[in-house]
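Visitor: After the structure tokens below, expect a handful of questions from me.
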Amino acid sequence: MRSVAAAVLVALAFAAPASAGSAQVLQGKHLFGRYCVACHSLNGVTTPKTIGAAAGRQQAQQQAVAPSLRGVGALAADFYLRTGYMPLQHLGLQPRRSRVIFSDEQIKAIVAYVASLGPGPAIPQPHPQQGNLSEGQHLFADNCAGCHQIVAEGGYVTGAIPPPLEDATSTQIAEAVRIGPYVMPHFTKKAISTQQLNSIIDYVQYAKHPDDAGGWSLGHLGPVPEGLVTWFIAVAVLLFVCMVIGTRFRRE
């Protein structure tokens with residue numbers, strides 16, 4: 001009797017997203033089955049090791065097991081699909097921004113399907129124009145610059161390569177802050193409020209085309225390489241001056 005009841009519950013669980021959803025959800029389910037099911041399994045439940053989407057995300061990455069998509073909502077699906085982070089060639093790779101293989105309509109369908117798997121956060125609607133640029137710079141320096149550099153040009157950390165943010169939209173920045181993709185920590189609204197997030201996005205958008213009032217930007221590579229370039233130029237100039245002085249002394 002228990003086995004029959006369990007079978008009924010499993011059947012209902014697998015049928016729920018399709019029966020409860022619209023035509024868009026149904027389209028998303030078909031696309032999910034074609035591109036995503038190999039890693040995330042049916043209905044987004046990872047097997048044989050089911051790992052929670054939030055608590056076990058980093059553990060899943062370390063074990064090369066795709067996380068469960070139940071409860072991640074539209075937010076995570078929209079971010080990973082619109083950045084080209086997904087689908088991956090195989091588990092264990094760092095998701096990198098790449099060509100998006102889906103149309104806008106297909107992305108909306110997959111996002112709708114993933115959102116139908118369980119209650120989860122919606123796609124954020126940031127308003128960077130309401131942010132404060134100075135506050136955003138300070139917040140970015142405190143929370144983000146250690147990996148992405150102060151000018152958001154990306155960097156290197158143990159086990160990952162933080163990407164440059166030059167192609168990130170305001171929505172994608174907001175999504176990344178709340179999700180914490182790959183090794184990036186996620187920030188709740190208690191850690192970074194909606195207003196503070198608007199300020200961070202305002203600064204990141206400014207950093208894409210900053211006002212280089214100080215002179216030569218050197219490609220915004222960051223303070224360390226810029227300092228090295230300065231020293232190389234200074235050493236070259238000093239050597240040239242020494243050569244000129246030495247030549248004059250020989251003539252005399």
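Scheme for the structure tokens: letters A, B, ... for chains in order shown; per-chain residue numbers from 1; ligand numbers from 1 in order shown.
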If we count only C-alpha atoms, what is near Leu88 (chain A) at a cut-off of 10 Å, once residues fewer than 6 positions away on the same chain are taken out, given as a PyMOL selection string?
Guide: chain A and resi 35-36+39+94-96
Visitor: Can I get the selected residues back with N, CA and C atoms, as an mmCIF file, in the first residue's frame?
Guide:
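Okay, again.cif is ready:
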data_model
loop_
_atom_site.group_PDB
_atom_site.id
_atom_site.type_symbol
_atom_site.label_atom_id
_atom_site.label_comp_id
_atom_site.auth_asym_id
_atom_site.auth_seq_id
_atom_site.Cartn_x
_atom_site.Cartn_y
_atom_site.Cartn_z
ATOM 1 N N TYR A 35 18.040 20.616 -23.019
ATOM 2 C CA TYR A 35 19.330 21.245 -22.737
ATOM 3 C C TYR A 35 19.793 21.123 -21.284
ATOM 4 N N CYS A 36 18.900 20.873 -20.351
ATOM 5 C CA CYS A 36 19.249 20.990 -18.932
ATOM 6 C C CYS A 36 19.125 19.692 -18.141
ATOM 7 N N CYS A 39 22.062 17.390 -16.556
ATOM 8 C CA CYS A 39 22.767 17.759 -15.316
ATOM 9 C C CYS A 39 21.803 17.922 -14.140
ATOM 10 N N GLN A 94 33.977 26.220 -14.619
ATOM 11 C CA GLN A 94 33.490 27.488 -14.118
ATOM 12 C C GLN A 94 32.565 28.102 -15.164
ATOM 13 N N PRO A 95 31.354 28.498 -14.771
ATOM 14 C CA PRO A 95 30.478 29.168 -15.741
ATOM 15 C C PRO A 95 31.116 30.480 -16.190
ATOM 16 N N ARG A 96 31.212 30.678 -17.493
ATOM 17 C CA ARG A 96 31.805 31.890 -18.062
ATOM 18 C C ARG A 96 30.809 32.531 -19.022
#
Visitor: Please provide the set of residues having any atom within 6 Å of region 106-113 of chain A, restricted to only C-alpha atoms, with same-chain residues fewer than 2 positions apart removed, written as a PDB file with N, CA and C atoms, in the first residue's frame.
Guide:
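Result went into out-v6.pdb, see below:
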ATOM      1  N   GLN A  24       3.584  28.578 -22.085  1.00  0.00           N
ATOM      2  CA  GLN A  24       4.976  29.015 -21.958  1.00  0.00           C
ATOM      3  C   GLN A  24       5.759  28.070 -21.052  1.00  0.00           C
ATOM      4  N   VAL A  25       5.158  27.662 -19.945  1.00  0.00           N
ATOM      5  CA  VAL A  25       5.796  26.714 -19.041  1.00  0.00           C
ATOM      6  C   VAL A  25       6.012  25.377 -19.736  1.00  0.00           C
ATOM      7  N   GLN A  27       6.404  24.897 -22.962  1.00  0.00           N
ATOM      8  CA  GLN A  27       7.520  25.090 -23.888  1.00  0.00           C
ATOM      9  C   GLN A  27       8.846  25.052 -23.133  1.00  0.00           C
ATOM     10  N   GLY A  28       8.868  25.699 -21.966  1.00  0.00           N
ATOM     11  CA  GLY A  28      10.081  25.695 -21.142  1.00  0.00           C
ATOM     12  C   GLY A  28      10.451  24.305 -20.678  1.00  0.00           C
ATOM     13  N   LYS A  29       9.455  23.482 -20.391  1.00  0.00           N
ATOM     14  CA  LYS A  29       9.726  22.119 -19.957  1.00  0.00           C
ATOM     15  C   LYS A  29      10.389  21.318 -21.078  1.00  0.00           C
ATOM     16  N   ALA A  74      12.682  32.457 -10.532  1.00  0.00           N
ATOM     17  CA  ALA A  74      13.021  32.975 -11.856  1.00  0.00           C
ATOM     18  C   ALA A  74      14.373  33.670 -11.858  1.00  0.00           C
ATOM     19  N   ALA A  77      17.524  31.333 -12.854  1.00  0.00           N
ATOM     20  CA  ALA A  77      17.422  30.859 -14.233  1.00  0.00           C
ATOM     21  C   ALA A  77      17.655  31.993 -15.215  1.00  0.00           C
ATOM     22  N   ASP A  78      17.083  33.148 -14.948  1.00  0.00           N
ATOM     23  CA  ASP A  78      17.251  34.293 -15.841  1.00  0.00           C
ATOM     24  C   ASP A  78      18.713  34.711 -15.928  1.00  0.00           C
ATOM     25  N   PHE A 102      19.910  30.733 -26.696  1.00  0.00           N
ATOM     26  CA  PHE A 102      18.458  30.765 -26.709  1.00  0.00           C
ATOM     27  C   PHE A 102      17.952  32.134 -27.144  1.00  0.00           C
ATOM     28  N   SER A 103      16.785  32.148 -27.748  1.00  0.00           N
ATOM     29  CA  SER A 103      16.114  33.408 -28.054  1.00  0.00           C
ATOM     30  C   SER A 103      15.487  33.958 -26.778  1.00  0.00           C
ATOM     31  N   ASP A 104      15.051  35.224 -26.836  1.00  0.00           N
ATOM     32  CA  ASP A 104      14.419  35.829 -25.670  1.00  0.00           C
ATOM     33  C   ASP A 104      13.164  35.058 -25.274  1.00  0.00           C
ATOM     34  N   ALA A 115      10.770  28.499 -12.537  1.00  0.00           N
ATOM     35  CA  ALA A 115      10.039  29.189 -11.473  1.00  0.00           C
ATOM     36  C   ALA A 115       8.835  28.379 -11.012  1.00  0.00           C
ATOM     37  N   SER A 116       8.276  27.541 -11.908  1.00  0.00           N
ATOM     38  CA  SER A 116       7.104  26.749 -11.546  1.00  0.00           C
ATOM     39  C   SER A 116       7.452  25.542 -10.676  1.00  0.00           C
TER      40      SER A 116
END
Visitor: Could you state the separation of CA of Ser170 (chain A) and CA of Gly92 (chain A) in Å, given to one decimal place?
Guide: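 Value for the CA of Ser170 (chain A)-CA of Gly92 (chain A) distance: 27.6 Å.
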Visitor: Name the residues of region 180-214 of chain A that come out as alpha helix (DSSP H) in a backbone DSSP run; write them as number ranges by chain.
Guide: A: 194-208
Visitor: Between CA of Glu166 (chain A) and CA of Tyr203 (chain A), what is the distance, to one decimal in Å?
Guide: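 The value is 11.9 Å.
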Visitor: What lies within 12 Å of Pro163 (chain A) using only C-alpha atoms, ignoring chain neighbours under 3 positions off, as a ChimeraX atom specification?
Guide: /A:83,85,94-98,144-145,147-149,151-157,160,166-168,173,176,181-184
Visitor: Next, the residues of the selection above should be written as a compact mmCIF listing (two decimals), in the first residue's frame with N, CA and C atoms.
Guide:
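Saved as again-v7.txt:
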# COMPACT_ATOMS: atom_id res chain seq x y z
N THR A 83 23.28 35.34 -19.39
CA THR A 83 24.72 35.58 -19.44
C THR A 83 25.45 34.53 -20.27
N TYR A 85 25.98 31.61 -19.15
CA TYR A 85 26.66 30.73 -18.20
C TYR A 85 26.19 29.28 -18.37
N GLN A 94 33.98 26.22 -14.62
CA GLN A 94 33.49 27.49 -14.12
C GLN A 94 32.56 28.10 -15.16
N PRO A 95 31.35 28.50 -14.77
CA PRO A 95 30.48 29.17 -15.74
C PRO A 95 31.12 30.48 -16.19
N ARG A 96 31.21 30.68 -17.49
CA ARG A 96 31.81 31.89 -18.06
C ARG A 96 30.81 32.53 -19.02
N ARG A 97 30.86 33.85 -19.09
CA ARG A 97 29.98 34.54 -20.04
C ARG A 97 30.32 34.11 -21.46
N SER A 98 29.31 33.70 -22.20
CA SER A 98 29.52 33.23 -23.56
C SER A 98 28.28 33.53 -24.39
N CYS A 144 33.38 44.00 -3.27
CA CYS A 144 33.55 43.42 -4.61
C CYS A 144 34.94 43.58 -5.20
N ALA A 145 35.63 44.67 -4.86
CA ALA A 145 36.89 45.00 -5.52
C ALA A 145 37.99 43.98 -5.24
N CYS A 147 37.93 40.94 -5.60
CA CYS A 147 37.94 39.94 -6.67
C CYS A 147 37.85 40.57 -8.05
N HIS A 148 36.99 41.57 -8.19
CA HIS A 148 36.73 42.15 -9.50
C HIS A 148 37.59 43.37 -9.82
N GLN A 149 38.46 43.80 -8.89
CA GLN A 149 39.23 45.04 -8.99
C GLN A 149 38.29 46.24 -8.84
N VAL A 151 37.94 48.79 -10.58
CA VAL A 151 37.32 49.28 -11.82
C VAL A 151 36.52 48.18 -12.51
N ALA A 152 36.22 47.10 -11.79
CA ALA A 152 35.35 46.01 -12.28
C ALA A 152 35.89 45.36 -13.54
N GLU A 153 37.22 45.23 -13.64
CA GLU A 153 37.84 44.61 -14.82
C GLU A 153 38.14 43.12 -14.61
N GLY A 154 37.71 42.57 -13.48
CA GLY A 154 37.94 41.15 -13.23
C GLY A 154 39.29 40.91 -12.59
N GLY A 155 39.57 39.68 -12.21
CA GLY A 155 40.83 39.36 -11.53
C GLY A 155 41.02 37.87 -11.42
N TYR A 156 41.80 37.47 -10.41
CA TYR A 156 42.10 36.06 -10.19
C TYR A 156 41.99 35.75 -8.71
N VAL A 157 41.34 34.65 -8.37
CA VAL A 157 41.28 34.16 -7.00
C VAL A 157 41.53 32.66 -7.05
N ALA A 160 39.20 30.13 -9.22
CA ALA A 160 38.23 30.78 -10.10
C ALA A 160 38.82 32.04 -10.70
N GLU A 166 32.08 44.43 -17.68
CA GLU A 166 31.82 45.38 -18.75
C GLU A 166 30.57 45.05 -19.56
N ASP A 167 30.19 43.78 -19.62
CA ASP A 167 29.02 43.37 -20.39
C ASP A 167 27.79 43.11 -19.51
N ALA A 168 27.94 43.27 -18.21
CA ALA A 168 26.83 42.98 -17.30
C ALA A 168 25.79 44.09 -17.32
N ILE A 173 23.67 42.35 -12.75
CA ILE A 173 24.46 42.69 -11.56
C ILE A 173 23.63 42.43 -10.31
N ALA A 176 23.33 38.68 -9.75
CA ALA A 176 24.57 38.07 -9.26
C ALA A 176 24.78 38.35 -7.78
N PRO A 181 26.94 33.63 -7.86
CA PRO A 181 27.31 32.53 -8.76
C PRO A 181 28.71 32.01 -8.51
N TYR A 182 28.87 30.71 -8.66
CA TYR A 182 30.13 30.00 -8.51
C TYR A 182 30.72 30.27 -7.11
N VAL A 183 31.93 30.84 -7.01
CA VAL A 183 32.54 31.03 -5.69
C VAL A 183 32.19 32.39 -5.08
N MET A 184 31.47 33.21 -5.81
CA MET A 184 31.08 34.52 -5.28
C MET A 184 30.07 34.35 -4.16
Visitor: Quick one: distance from CA of Arg70 (chain A) to CA of Pro121 (chain A) in Å, one decimal?
Guide: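 Computing the Euclidean distance for CA of Arg70 (chain A) and CA of Pro121 (chain A) yields 11.3 Å.
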Visitor: Do you know which residues are at most 10 Å from Pro128 (chain A) counting only C-alpha atoms, after dropping those on the same chain fewer than 4 positions away, and could you put them as a ChimeraX atom specification?
Guide: /A:132-133,136,170-171,195-205
